[in-house]
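input_20.cif follows; it contains mmCIF, C-alpha atoms.
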```cif
data_work
loop_
_atom_site.label_atom_id
_atom_site.label_comp_id
_atom_site.auth_asym_id
_atom_site.auth_seq_id
_atom_site.Cartn_x
_atom_site.Cartn_y
_atom_site.Cartn_z
CA MET Z 205 0.00 0.00 0.00
CA SER Z 206 1.41 3.41 -0.97
CA ILE Z 207 0.08 6.84 0.04
CA LEU Z 208 1.13 10.21 -1.35
CA ILE Z 209 0.18 13.29 0.69
CA ILE Z 210 0.41 16.44 -1.43
CA ASN Z 211 0.02 20.23 -1.06
CA ILE Z 212 0.86 20.14 2.65
CA LYS Z 213 0.70 23.68 4.01
CA GLU Z 214 3.50 22.92 6.48
CA LEU Z 215 5.26 19.66 7.29
CA LEU Z 216 6.52 19.64 10.90
CA GLN Z 217 9.41 17.87 12.63
CA VAL Z 218 11.37 17.25 9.43
CA ARG Z 219 14.71 15.64 10.27
CA ASP Z 220 17.03 14.57 7.42
CA SER Z 221 19.29 12.78 9.89
CA ASN Z 222 18.01 10.46 12.60
CA VAL Z 223 18.00 12.73 15.65
CA LEU Z 224 17.06 10.71 18.74
CA LYS Z 225 16.16 13.58 21.11
CA VAL Z 226 16.47 17.34 21.45
CA SER Z 227 17.61 19.25 24.53
CA GLY Z 228 17.80 22.74 25.95
CA LYS Z 229 17.75 25.57 23.43
CA ASP Z 230 17.41 23.05 20.58
CA MET Z 231 13.91 22.31 21.81
CA LYS Z 232 12.88 25.74 20.54
CA VAL Z 233 13.77 24.65 17.00
CA LEU Z 234 11.09 22.76 15.07
CA PRO Z 235 12.28 22.07 11.51
CA THR Z 236 9.46 22.51 8.99
CA LEU Z 237 8.90 22.45 5.25
CA LYS Z 238 6.17 24.49 3.55
CA ASN Z 239 4.20 23.45 0.45
CA ALA Z 240 5.38 19.89 0.91
CA TYR Z 241 4.62 16.27 0.09
CA VAL Z 242 5.20 12.97 1.89
CA LEU Z 243 5.41 9.56 0.24
CA ILE Z 244 4.57 6.44 2.24
CA GLU Z 245 5.16 2.87 1.15
CA ASP Z 246 3.65 0.17 3.34
CA ASP Z 247 4.49 1.30 6.90
CA THR Z 248 7.45 3.56 6.10
CA ILE Z 249 8.14 7.18 5.15
CA VAL Z 250 10.24 6.81 1.99
CA ASP Z 251 10.37 10.38 0.76
CA TYR Z 252 9.30 13.96 1.39
CA GLY Z 253 10.12 17.35 -0.01
CA SER Z 254 8.84 20.51 -1.67
CA MET Z 255 5.93 20.25 -4.10
CA ASP Z 256 8.21 22.04 -6.56
CA ASP Z 257 10.43 18.95 -6.58
CA ILE Z 258 7.82 16.20 -6.55
CA ILE Z 259 8.29 13.39 -9.05
CA LYS Z 260 5.07 11.90 -10.37
CA SER Z 261 4.61 8.26 -9.49
CA ASP Z 262 1.78 5.75 -9.25
CA THR Z 263 0.45 5.37 -5.72
CA ASP Z 264 -2.54 3.53 -4.32
CA GLU Z 265 -3.92 6.64 -2.62
CA VAL Z 266 -3.39 10.39 -2.94
CA ILE Z 267 -4.38 12.70 -0.08
CA ASP Z 268 -4.66 16.41 -0.82
CA ALA Z 269 -3.67 18.28 2.34
CA GLU Z 270 -4.11 21.81 1.00
CA GLY Z 271 -4.32 24.29 3.89
CA LYS Z 272 -3.46 21.53 6.39
CA ILE Z 273 -0.47 20.73 8.57
CA VAL Z 274 1.15 17.30 8.79
CA LEU Z 275 3.22 16.25 11.78
CA PRO Z 276 4.38 13.02 13.44
CA ALA Z 277 1.78 11.20 15.53
CA TRP Z 278 2.10 11.76 19.27
CA CYS Z 279 4.33 9.40 21.27
CA ASP Z 280 2.74 8.94 24.70
CA SER Z 281 5.47 7.50 26.90
CA HIS Z 282 3.57 7.16 30.20
CA THR Z 283 0.10 5.60 30.49
CA HIS Z 284 -1.89 3.20 32.66
CA ILE Z 285 -4.51 2.75 29.95
CA VAL Z 286 -5.21 -0.90 30.84
CA TYR Z 287 -7.48 -0.67 33.88
CA ALA Z 288 -10.92 -1.78 35.01
CA GLY Z 289 -13.81 0.45 36.07
CA HIS Z 290 -13.60 4.12 36.99
CA ARG Z 291 -13.09 6.27 40.09
CA GLU Z 292 -15.46 9.18 39.58
CA GLN Z 293 -16.53 9.11 43.25
CA GLU Z 294 -12.98 9.98 44.26
CA PHE Z 295 -13.19 12.93 41.90
CA VAL Z 296 -16.18 14.16 43.91
CA ASP Z 297 -14.37 13.40 47.18
CA ARG Z 298 -11.52 15.70 46.14
CA ILE Z 299 -13.98 18.44 45.26
CA ASN Z 300 -15.34 18.03 48.78
CA GLY Z 301 -11.90 18.58 50.29
CA LEU Z 302 -10.12 15.23 50.54
CA SER Z 303 -6.54 15.05 49.25
CA TYR Z 304 -5.16 12.36 46.97
CA GLU Z 305 -3.20 10.97 49.93
CA GLU Z 306 -6.26 10.96 52.24
CA ILE Z 307 -8.30 9.07 49.65
CA ALA Z 308 -5.48 6.53 49.30
CA ASN Z 309 -5.15 6.11 53.07
CA ARG Z 310 -8.80 5.08 53.40
CA GLY Z 311 -8.63 2.40 50.71
CA GLY Z 312 -9.19 4.49 47.62
CA GLY Z 313 -6.75 5.35 44.89
CA ILE Z 314 -4.60 2.58 43.43
CA LEU Z 315 -5.99 -0.03 45.85
CA ASN Z 316 -9.51 0.78 44.66
CA SER Z 317 -8.50 0.12 41.06
CA ALA Z 318 -6.64 -3.04 42.06
CA ALA Z 319 -9.71 -4.44 43.81
CA THR Z 320 -11.84 -3.80 40.73
CA LEU Z 321 -9.28 -5.26 38.35
CA ASN Z 322 -8.85 -8.43 40.39
CA LYS Z 323 -12.59 -9.09 39.97
CA THR Z 324 -12.51 -8.38 36.22
CA SER Z 325 -11.96 -11.16 33.69
CA GLU Z 326 -9.10 -10.88 31.23
CA THR Z 327 -11.55 -10.68 28.34
CA ASP Z 328 -13.52 -7.87 29.98
CA LEU Z 329 -10.31 -6.01 30.86
CA TYR Z 330 -9.16 -6.28 27.25
CA GLU Z 331 -12.47 -4.99 25.90
CA GLN Z 332 -12.51 -2.01 28.29
CA SER Z 333 -8.91 -1.15 27.43
CA VAL Z 334 -9.30 -1.53 23.67
CA LYS Z 335 -12.00 1.13 23.62
CA ARG Z 336 -9.57 3.59 25.19
CA VAL Z 337 -6.77 2.60 22.81
CA LYS Z 338 -9.02 3.20 19.81
CA ASP Z 339 -9.97 6.61 21.22
CA VAL Z 340 -6.38 7.79 21.67
CA MET Z 341 -5.46 6.61 18.16
CA LYS Z 342 -8.19 8.87 16.78
CA LEU Z 343 -6.70 11.69 18.87
CA GLY Z 344 -3.38 11.28 17.07
CA THR Z 345 -1.39 8.98 19.34
CA GLY Z 346 0.72 6.57 17.30
CA ALA Z 347 2.92 5.09 20.04
CA LEU Z 348 1.92 4.15 23.56
CA GLU Z 349 3.70 2.94 26.66
CA ILE Z 350 1.36 0.96 28.94
CA LYS Z 351 2.10 0.02 32.56
CA SER Z 352 0.76 -2.73 34.75
CA GLY Z 353 0.37 -1.88 38.45
CA TYR Z 354 -3.37 -2.13 39.08
CA GLY Z 355 -3.13 -5.84 39.87
CA LEU Z 356 -0.72 -6.04 42.82
CA THR Z 357 -0.97 -9.85 42.83
CA MET Z 358 0.97 -12.22 40.64
CA GLU Z 359 -2.15 -13.37 38.78
CA ALA Z 360 -3.57 -9.88 38.20
CA GLU Z 361 -0.27 -8.29 37.15
CA ILE Z 362 0.30 -11.06 34.62
CA LYS Z 363 -3.31 -10.62 33.43
CA MET Z 364 -2.67 -6.94 32.78
CA LEU Z 365 0.56 -7.63 30.91
CA ARG Z 366 -1.14 -10.28 28.77
CA VAL Z 367 -3.80 -7.73 27.84
CA ILE Z 368 -1.06 -5.24 26.89
CA LYS Z 369 0.61 -7.93 24.76
CA ARG Z 370 -2.69 -8.67 23.03
CA ILE Z 371 -3.23 -4.97 22.25
CA LYS Z 372 0.30 -4.85 20.84
CA GLN Z 373 -0.46 -7.79 18.56
CA LYS Z 374 -3.92 -6.67 17.41
CA PHE Z 375 -3.46 -2.95 16.70
CA PRO Z 376 -1.14 -0.97 14.40
CA ILE Z 377 -0.18 1.43 17.21
CA LYS Z 378 3.32 0.91 18.61
CA VAL Z 379 3.06 -0.43 22.18
CA LYS Z 380 5.75 -0.83 24.83
CA ALA Z 381 4.95 -2.63 28.10
CA THR Z 382 6.17 -1.70 31.58
CA PHE Z 383 5.95 -3.87 34.72
CA LEU Z 384 4.84 -1.73 37.68
CA GLY Z 385 4.27 -4.28 40.42
CA ALA Z 386 5.56 -1.73 42.95
CA HIS Z 387 2.75 0.77 42.35
CA ALA Z 388 1.30 0.56 45.87
CA LEU Z 389 1.38 -1.78 48.86
CA PRO Z 390 -1.58 -4.22 48.71
CA SER Z 391 -3.92 -4.35 51.72
CA LEU Z 392 -2.79 -7.91 52.44
CA TYR Z 393 0.76 -6.65 52.98
CA LYS Z 394 -0.16 -3.41 54.77
CA ASN Z 395 1.98 -4.31 57.79
CA ASN Z 396 4.52 -6.42 55.95
CA LYS Z 397 6.13 -4.51 53.10
CA GLU Z 398 9.20 -6.77 53.14
CA ASP Z 399 7.19 -9.80 52.08
CA TYR Z 400 5.59 -7.88 49.21
CA LEU Z 401 9.00 -6.67 48.03
CA ASP Z 402 10.17 -10.29 48.10
CA LEU Z 403 7.13 -11.29 46.02
CA VAL Z 404 7.87 -8.60 43.41
CA ILE Z 405 11.60 -9.32 43.29
CA SER Z 406 11.70 -13.11 43.65
CA GLU Z 407 8.53 -14.17 41.86
CA MET Z 408 6.91 -11.45 39.74
CA ILE Z 409 9.99 -10.07 37.99
CA PRO Z 410 11.34 -13.51 36.97
CA ARG Z 411 7.88 -14.51 35.66
CA VAL Z 412 7.50 -11.29 33.65
CA SER Z 413 10.97 -11.77 32.20
CA GLU Z 414 10.49 -15.45 31.45
CA GLU Z 415 7.24 -14.79 29.55
CA LYS Z 416 8.73 -11.70 27.84
CA LEU Z 417 5.77 -9.56 28.92
CA ALA Z 418 7.56 -6.23 29.47
CA SER Z 419 10.52 -4.16 28.30
CA TYR Z 420 10.65 -1.82 31.29
CA ILE Z 421 10.32 -1.87 35.06
CA ASP Z 422 8.79 0.96 37.07
CA VAL Z 423 8.40 1.86 40.75
CA PHE Z 424 6.26 4.52 42.45
CA CYS Z 425 9.15 6.06 44.38
CA GLU Z 426 7.25 8.32 46.76
CA LYS Z 427 6.72 8.87 50.48
CA GLY Z 428 4.05 6.49 51.72
CA TYR Z 429 4.67 4.11 48.80
CA PHE Z 430 8.20 2.88 48.03
CA SER Z 431 11.37 4.35 49.51
CA LEU Z 432 14.72 4.92 47.82
CA GLU Z 433 15.97 1.65 49.31
CA ASP Z 434 12.89 -0.25 48.09
CA THR Z 435 13.20 1.29 44.65
CA GLU Z 436 16.89 0.45 44.36
CA ARG Z 437 16.28 -3.21 45.23
CA ILE Z 438 13.56 -3.49 42.60
CA LEU Z 439 15.56 -1.72 39.90
CA ILE Z 440 18.56 -3.98 40.52
CA ALA Z 441 16.36 -7.08 40.29
CA GLY Z 442 14.67 -5.80 37.16
CA LYS Z 443 17.95 -5.02 35.42
CA LYS Z 444 19.24 -8.52 36.23
CA HIS Z 445 16.27 -9.83 34.26
CA GLY Z 446 16.73 -7.46 31.33
CA LEU Z 447 14.11 -4.87 32.33
CA ILE Z 448 15.10 -1.23 31.78
CA PRO Z 449 14.11 1.26 34.53
CA LYS Z 450 11.46 3.97 33.99
CA ILE Z 451 10.36 5.35 37.35
CA HIS Z 452 7.72 7.56 38.97
CA VAL Z 453 9.56 10.23 40.98
CA ASN Z 454 8.92 13.61 42.63
CA GLN Z 455 5.12 13.69 42.24
CA PHE Z 456 4.61 14.99 45.78
CA ASN Z 457 8.10 15.02 47.32
CA ALA Z 458 11.69 15.43 46.11
CA PHE Z 459 14.01 13.19 48.14
CA GLY Z 460 16.59 11.71 45.77
CA GLY Z 461 14.57 9.58 43.38
CA VAL Z 462 15.83 11.41 40.31
CA ALA Z 463 19.48 10.77 41.17
CA LEU Z 464 18.65 7.13 41.88
CA GLY Z 465 17.03 6.80 38.46
CA VAL Z 466 20.09 8.30 36.79
CA LYS Z 467 22.38 5.99 38.80
CA TYR Z 468 20.63 2.97 37.29
CA ASN Z 469 20.45 4.47 33.79
CA ALA Z 470 16.68 4.88 33.83
CA LEU Z 471 15.32 5.59 30.37
CA SER Z 472 13.04 8.19 31.94
CA VAL Z 473 12.07 9.77 35.25
CA ASP Z 474 8.41 10.76 35.20
CA HIS Z 475 6.23 13.32 37.03
CA LEU Z 476 8.77 15.79 38.50
CA GLU Z 477 6.11 18.16 39.79
CA GLU Z 478 8.53 18.76 42.68
CA LEU Z 479 12.09 19.50 41.63
CA ASN Z 480 15.23 20.82 43.33
CA ASP Z 481 18.73 21.84 42.25
CA ASP Z 482 20.16 18.41 43.07
CA ASP Z 483 17.67 16.83 40.64
CA ILE Z 484 18.75 19.20 37.85
CA THR Z 485 22.41 18.44 38.53
CA ALA Z 486 21.76 14.69 38.53
CA LEU Z 487 20.06 14.85 35.13
CA GLN Z 488 22.75 16.93 33.46
CA GLY Z 489 25.09 14.77 31.42
CA SER Z 490 22.84 11.71 31.75
CA ASP Z 491 20.92 9.77 29.12
CA THR Z 492 17.74 9.85 31.25
CA MET Z 493 14.72 11.69 29.84
CA PRO Z 494 12.65 13.85 32.23
CA VAL Z 495 8.92 13.39 31.51
CA ALA Z 496 6.19 15.84 32.51
CA LEU Z 497 2.54 14.88 32.94
CA PRO Z 498 0.58 18.16 32.87
CA SER Z 499 -2.87 16.53 32.69
CA CYS Z 500 -2.18 15.00 36.10
CA SER Z 501 -1.31 18.40 37.55
CA TYR Z 502 -4.46 19.86 36.00
CA PHE Z 503 -6.73 17.13 37.36
CA LEU Z 504 -5.25 16.96 40.88
CA SER Z 505 -4.56 20.70 41.21
CA ILE Z 506 -0.93 20.06 42.12
CA PRO Z 507 2.10 22.00 40.81
CA TYR Z 508 3.15 21.61 37.19
CA THR Z 509 6.56 20.24 36.29
CA PRO Z 510 8.91 23.28 36.06
CA ALA Z 511 9.61 22.92 32.36
CA ARG Z 512 11.49 26.19 32.05
CA ARG Z 513 14.00 25.19 34.75
CA LEU Z 514 14.68 21.90 32.99
CA ILE Z 515 14.95 23.27 29.45
CA ASP Z 516 16.88 26.38 30.46
CA ALA Z 517 19.37 24.10 32.23
CA GLY Z 518 20.09 22.49 28.86
CA LEU Z 519 18.02 19.36 29.52
CA PRO Z 520 15.50 17.59 27.28
CA LEU Z 521 11.86 17.15 28.29
CA ALA Z 522 9.11 14.81 27.10
CA LEU Z 523 5.36 15.14 27.57
CA ALA Z 524 2.94 12.28 28.26
CA THR Z 525 -0.64 11.84 29.45
CA ASP Z 526 -0.40 9.56 32.53
CA TYR Z 527 -3.79 8.19 31.37
CA ASN Z 528 -5.26 6.40 34.41
CA PRO Z 529 -8.58 6.24 36.29
CA GLY Z 530 -7.50 8.14 39.40
CA SER Z 531 -5.36 11.15 38.53
CA THR Z 532 -5.68 11.55 34.74
CA PRO Z 533 -8.76 9.99 33.12
CA SER Z 534 -7.76 11.28 29.68
CA GLY Z 535 -5.39 10.15 26.95
CA ASN Z 536 -5.68 13.32 24.90
CA MET Z 537 -2.15 14.33 23.92
CA ASN Z 538 -3.51 17.43 22.17
CA PHE Z 539 -4.69 18.71 25.56
CA VAL Z 540 -1.30 17.81 27.06
CA VAL Z 541 0.51 19.90 24.43
CA SER Z 542 -1.84 22.85 24.98
CA THR Z 543 -1.55 22.63 28.75
CA ALA Z 544 2.24 22.53 28.54
CA CYS Z 545 2.15 25.81 26.61
CA ILE Z 546 -0.50 27.47 28.77
CA LYS Z 547 0.57 26.34 32.26
CA MET Z 548 4.22 25.35 31.89
CA LYS Z 549 5.26 28.23 29.58
CA MET Z 550 6.64 25.95 26.90
CA THR Z 551 6.67 27.33 23.38
CA PRO Z 552 4.65 25.41 20.75
CA GLU Z 553 7.95 24.25 19.24
CA GLU Z 554 9.15 22.92 22.59
CA ALA Z 555 5.84 21.21 23.32
CA ILE Z 556 5.64 19.52 19.91
CA ASN Z 557 9.24 18.34 20.22
CA ALA Z 558 8.46 17.03 23.71
CA ALA Z 559 5.38 15.12 22.50
CA THR Z 560 6.99 13.60 19.40
CA ILE Z 561 10.75 12.99 19.19
CA ASN Z 562 11.42 13.22 22.95
CA GLY Z 563 8.34 11.14 23.74
CA ALA Z 564 9.66 8.50 21.38
CA TYR Z 565 13.05 8.62 23.13
CA ALA Z 566 11.34 8.09 26.51
CA MET Z 567 9.89 4.87 25.05
CA GLY Z 568 13.17 3.73 23.51
CA ILE Z 569 11.79 3.96 19.97
CA SER Z 570 13.11 7.24 18.53
CA ASN Z 571 15.14 5.33 15.96
CA TYR Z 572 11.87 4.66 14.13
CA TYR Z 573 9.27 7.08 15.52
CA GLY Z 574 8.80 10.73 16.44
CA SER Z 575 9.96 12.63 13.35
CA ILE Z 576 9.48 12.95 9.60
CA THR Z 577 12.60 11.09 8.51
CA ARG Z 578 13.14 8.75 5.60
CA GLY Z 579 13.06 5.18 6.85
CA LYS Z 580 10.98 5.94 9.94
CA LYS Z 581 7.51 4.52 10.49
CA ALA Z 582 4.61 6.30 8.81
CA ASN Z 583 2.75 7.58 11.88
CA LEU Z 584 1.27 10.96 10.98
CA ILE Z 585 -1.39 13.47 11.96
CA ILE Z 586 -3.09 15.47 9.22
CA THR Z 587 -4.80 18.49 10.73
CA LYS Z 588 -7.85 20.34 9.53
CA ALA Z 589 -7.16 23.63 7.75
CA VAL Z 590 -5.55 25.87 10.39
CA PRO Z 591 -3.74 29.23 10.26
CA SER Z 592 -0.44 27.89 11.67
CA TYR Z 593 0.93 25.24 13.99
CA ASN Z 594 0.75 27.77 16.85
CA TYR Z 595 -3.02 27.50 16.50
CA LEU Z 596 -2.95 23.85 17.59
CA PRO Z 597 -2.13 24.52 21.29
CA TYR Z 598 -3.80 27.96 21.19
CA ALA Z 599 -7.34 26.75 20.38
CA PHE Z 600 -7.21 24.09 23.07
CA GLY Z 601 -10.91 23.25 23.11
CA ASP Z 602 -11.20 22.28 19.44
CA ASN Z 603 -10.40 19.04 17.66
CA HIS Z 604 -7.92 20.01 14.94
CA ILE Z 605 -7.37 16.51 13.55
CA ASP Z 606 -8.66 15.66 10.10
CA SER Z 607 -7.14 12.17 9.86
CA VAL Z 608 -4.50 9.97 11.40
CA ILE Z 609 -2.11 7.50 9.74
CA ILE Z 610 -0.63 4.78 11.94
CA ASN Z 611 1.85 2.26 10.61
CA GLY Z 612 0.97 3.35 7.08
CA GLU Z 613 -2.78 2.86 7.59
CA VAL Z 614 -5.39 5.63 7.59
CA ILE Z 615 -7.44 4.86 10.69
#
```
C-alpha cells encoding of this file:
Amino acid sequence: MSILIINIKELLQVRDSNVLKVSGKDMKVLPTLKNAYVLIEDDTIVDYGSMDDIIKSDTDEVIDAEGKIVLPAWCDSHTHIVYAGHREQEFVDRINGLSYEEIANRGGGILNSAATLNKTSETDLYEQSVKRVKDVMKLGTGALEIKSGYGLTMEAEIKMLRVIKRIKQKFPIKVKATFLGAHALPSLYKNNKEDYLDLVISEMIPRVSEEKLASYIDVFCEKGYFSLEDTERILIAGKKHGLIPKIHVNQFNAFGGVALGVKYNALSVDHLEELNDDDITALQGSDTMPVALPSCSYFLSIPYTPARRLIDAGLPLALATDYNPGSTPSGNMNFVVSTACIKMKMTPEEAINAATINGAYAMGISNYYGSITRGKKANLIITKAVPSYNYLPYAFGDNHIDSVIINGEVI
C-alpha cells in the first residue's frame, strides 16, 4: 500500500538525519517544510520534499492536504490505559476537600482500582482497554507505553501484561509494556512490606521476564509508597532480568529519586512536579529523559513540572498523558501539548518536540518514531485547515485533527 500526501501547508518535525532527542535551546527549534509532500510505502516514510520537486509516481492513494499541517503522531510514553472500572466518586471526594493521599489512606486510589481489576476477567479487561486505545489513536497517538500496576498480585499483574501484549499484537499502534508491580502496597501486605517486596523481586519479575511480557520496570518512588531503598532493590532485580528502569519520581516530594534513576540508567524519570537543584544536577550529562505529565497536575490541582527550569538548564523534556482512572482519566495528547504551553510556559515548538521525538526517546523507539525522517515509520497526523501550527495549542478546546495515519494505515 502506498500513500502520497500532497500540497501540505507545512510539514513539521522534518529531520534529514536520525536525531534521537532534542535538549535545551534546541527544543525551541522545530524544523518545517512548507508546500510539501510525503510519500509512504507500506508502513514507512520513503520520501518527502517541496511540491516544486515532486516526481510523479503511481500510488494507491493520494491525499490532498491543502491548507493543512502534517506532523508526526504523538508518542505517549507514560500511560496506565489498561485498567478496570472508573473512580469518579474519588473525583467528587476531592472536590469536597479530601486530598489524593487521604483518599489513598482510606482504601481508595490505586488499591480501589486493584480491587476492581482483580474481579474483572481478562476478556472484559481487554475490551474495556481496547475502547480507550481506539480513542487515543483517533486523537493522534501513534505510540503508547502501557504500565501494569493495578493488579498487585501475581495473577492480576500477569493478566494486565497479557492484555497489553494482546493490544500490541492486534493494533497498528506501537506499544511498549512496563511492569509496575511496585505501584502501591496491597492491603494484604499493609503491615509487611518486606514480604511484598520479596514477592515482586523473587517471583513477579522472573515470571515477567520469562514470559517476555515487558521491556521496562517501574516503581512509584514516593513517600508512603516505596522508599529509595525499596526502589533500588527493585531496579537492581529488574535489570538482572533485562528490564530497563522507567520510574515515577517527585510527584509529591523530592528526596533523591531522580538521582537514583540516573544511577541505574533509567530511560526516563516521570512526574517531576517537585524539583530541586540536586535533581537538575543529577540529570545533566545523563541519558535519562525527564517526563512531565501536565494533565495529572491539572486534574489533581498540584504544581506543574517546572519545564522552564529543565529546558533552560540544557536538559531535554518529554510530555505524556499519565492516562489512568485516578489522577488523569484522559489520553488526549492534544490537551497535554496545549496545557504545557499554557501552564508550563513551553513554546509550541518545545511542546511539539516534547510530544513527538522526545516522547519516542522516553519509550526507547526514537530510531523509528517521532519525526518525519526517511526510513521511519509512517505515523502521521493530518490536521484540519488551520492558520499555523501555533493555532494547535492555542485553540485548546477544538479538535484540529482531520485524519491519522498509523503504521501506514489511515485509521
3 Å per side around segment 423-431 of chain Z: axis-aligned box centre and edge lengths, as AutoDock Vina command-line options:
```
--center_x 7.7 --center_y 5.4 --center_z 46.2 --size_x 13.3 --size_y 13.0 --size_z 17.0
```
Item to check | Nearby residues (all atoms listed in the file) at most 6 Å from Glu349 of chain Z, same-chain spacing under 4 positions excluded, as a PyMOL selection string | outcome: chain Z and resi 281-283+379-381
Next on the checklist: Can you translate the PyMOL selection byres ((chain Z and resi 502) around 12) into the concrete residues it hits in this file, as a VMD selection string?
Outcome noted: chain Z and resid 477 496 to 501 503 to 509 525 to 526 531 to 534 539 to 540 542 to 544 546 to 548
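Atom CA of Leu365 of chain Z is positioned 19.6 Å from atom CA of Gly530 of chain Z.
If you measure from each of Z:Ile259, Z:Ile350, Z:Ile209, Z:Val223 to Tyr241 of chain Z using only C-alpha atoms, the closest one turns out to be Z:Ile209.
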Assuming the chain letters and numbering stay as they are in my file, what does the PyMOL selection byres ((chain Z and resi 417-427) around 6) actually select? List them as a PDB file with C-alpha atoms, keeping the file's coordinate frame.
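Just written: expr37.pdb:
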```pdb
ATOM      1  CA  LEU Z 365       0.560  -7.630  30.910  1.00  0.00           C
ATOM      2  CA  ALA Z 381       4.950  -2.630  28.100  1.00  0.00           C
ATOM      3  CA  THR Z 382       6.170  -1.700  31.580  1.00  0.00           C
ATOM      4  CA  PHE Z 383       5.950  -3.870  34.720  1.00  0.00           C
ATOM      5  CA  LEU Z 384       4.840  -1.730  37.680  1.00  0.00           C
ATOM      6  CA  ALA Z 386       5.560  -1.730  42.950  1.00  0.00           C
ATOM      7  CA  HIS Z 387       2.750   0.770  42.350  1.00  0.00           C
ATOM      8  CA  VAL Z 412       7.500 -11.290  33.650  1.00  0.00           C
ATOM      9  CA  GLU Z 415       7.240 -14.790  29.550  1.00  0.00           C
ATOM     10  CA  LYS Z 416       8.730 -11.700  27.840  1.00  0.00           C
ATOM     11  CA  GLY Z 428       4.050   6.490  51.720  1.00  0.00           C
ATOM     12  CA  TYR Z 429       4.670   4.110  48.800  1.00  0.00           C
ATOM     13  CA  PHE Z 430       8.200   2.880  48.030  1.00  0.00           C
ATOM     14  CA  SER Z 431      11.370   4.350  49.510  1.00  0.00           C
ATOM     15  CA  LEU Z 447      14.110  -4.870  32.330  1.00  0.00           C
ATOM     16  CA  ILE Z 448      15.100  -1.230  31.780  1.00  0.00           C
ATOM     17  CA  PRO Z 449      14.110   1.260  34.530  1.00  0.00           C
ATOM     18  CA  LYS Z 450      11.460   3.970  33.990  1.00  0.00           C
ATOM     19  CA  ILE Z 451      10.360   5.350  37.350  1.00  0.00           C
ATOM     20  CA  HIS Z 452       7.720   7.560  38.970  1.00  0.00           C
ATOM     21  CA  VAL Z 453       9.560  10.230  40.980  1.00  0.00           C
TER      22      VAL Z 453
END
```
Next on the checklist: To test your reading of the syntax: which residues would the PyMOL selection byres ((chain Z and resi 288) around 12) return for the file shown? Reply as a PyMOL selection string.
Outcome noted: chain Z and resi 284-287+289-291+314+316-336+352-355+360+363-364+367+528-530
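Counting only C-alpha atoms, the residue from Z:Leu479, Z:Met231, Z:Ile440, Z:Ala564 that sits nearest to Lys467 of chain Z is Z:Ile440.
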Write out as a tab-separated table a residue-level contact list of segment 425-501 of chain Z versus segment 566-577 of chain Z with cut-off 7 Å: for each qualifying residue the closest pair of atoms and the distance in Å to one decimal, counting only C-alpha atoms, rows sorted by chain and residue number upward.
```
residue	atom	partner	partner_atom	distance
Z:Leu471	CA	Z:Ala566	CA	6.1
Z:Ser472	CA	Z:Ala566	CA	5.7
Z:Met493	CA	Z:Ala566	CA	6.0
```
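Comparing the minimum interatomic distances between Ser607 of chain Z and each of Z:Asp268, Z:Asp257, Z:Asp251, Z:Asp482, counting all atoms listed in the file, we find that Z:Asp268 sits nearest.
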Checklist outcome for this item: Correct to one decimal, the distance atom CA of Ile484 of chain Z-atom CA of Ile438 of chain Z is 23.8 Å
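Distance check against Leu439 of chain Z using all atoms listed in the file: of Z:Phe456, Z:Tyr527, Z:Tyr400, Z:Tyr468, the minimum falls on Z:Tyr468.
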Checklist entry - Of the candidates Z:Val266, Z:Ile244, Z:Val226, Z:Leu215, which shows the shortest atom-to-atom distance to Leu519 of chain Z, using only C-alpha atoms? => result Z:Val226
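Protein and nucleic acid residues near (4.4, -0.3, 1.9) are Z:Met205, Z:Ser206, Z:Ile207, Z:Ile244, Z:Glu245, Z:Asp246, Z:Asp247, Z:Thr248, Z:Ile249, Z:Gly612, the criterion being any atom at most 9 Å away using all atoms listed in the file.
Separating atom CA of Thr435 of chain Z from atom CA of Asn480 of chain Z is a distance of 19.7 Å.
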Next on the checklist: Tell me which residues come within 7 Å of (8.3, 18.5, 25.2), as JSON, numbers by chain, counting only C-alpha atoms in the file's coordinates.
Outcome noted: {"Z": [521, 522, 523, 554, 555, 556, 557, 558, 559, 562]}
Next on the checklist: Using only C-alpha atoms for the distances, tell me which of Z:Cys545, Z:Ile212, Z:Ala524, Z:Val218 is nearest to Val233 of chain Z.
Outcome noted: Z:Val218
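All residues of protein, DNA or RNA that reach within 7 Å of segment 407-410 of chain Z, judged by all atoms listed in the file and not counting those fewer than 5 positions away in the chain, are Met358, Gly442 and His445 of chain Z.
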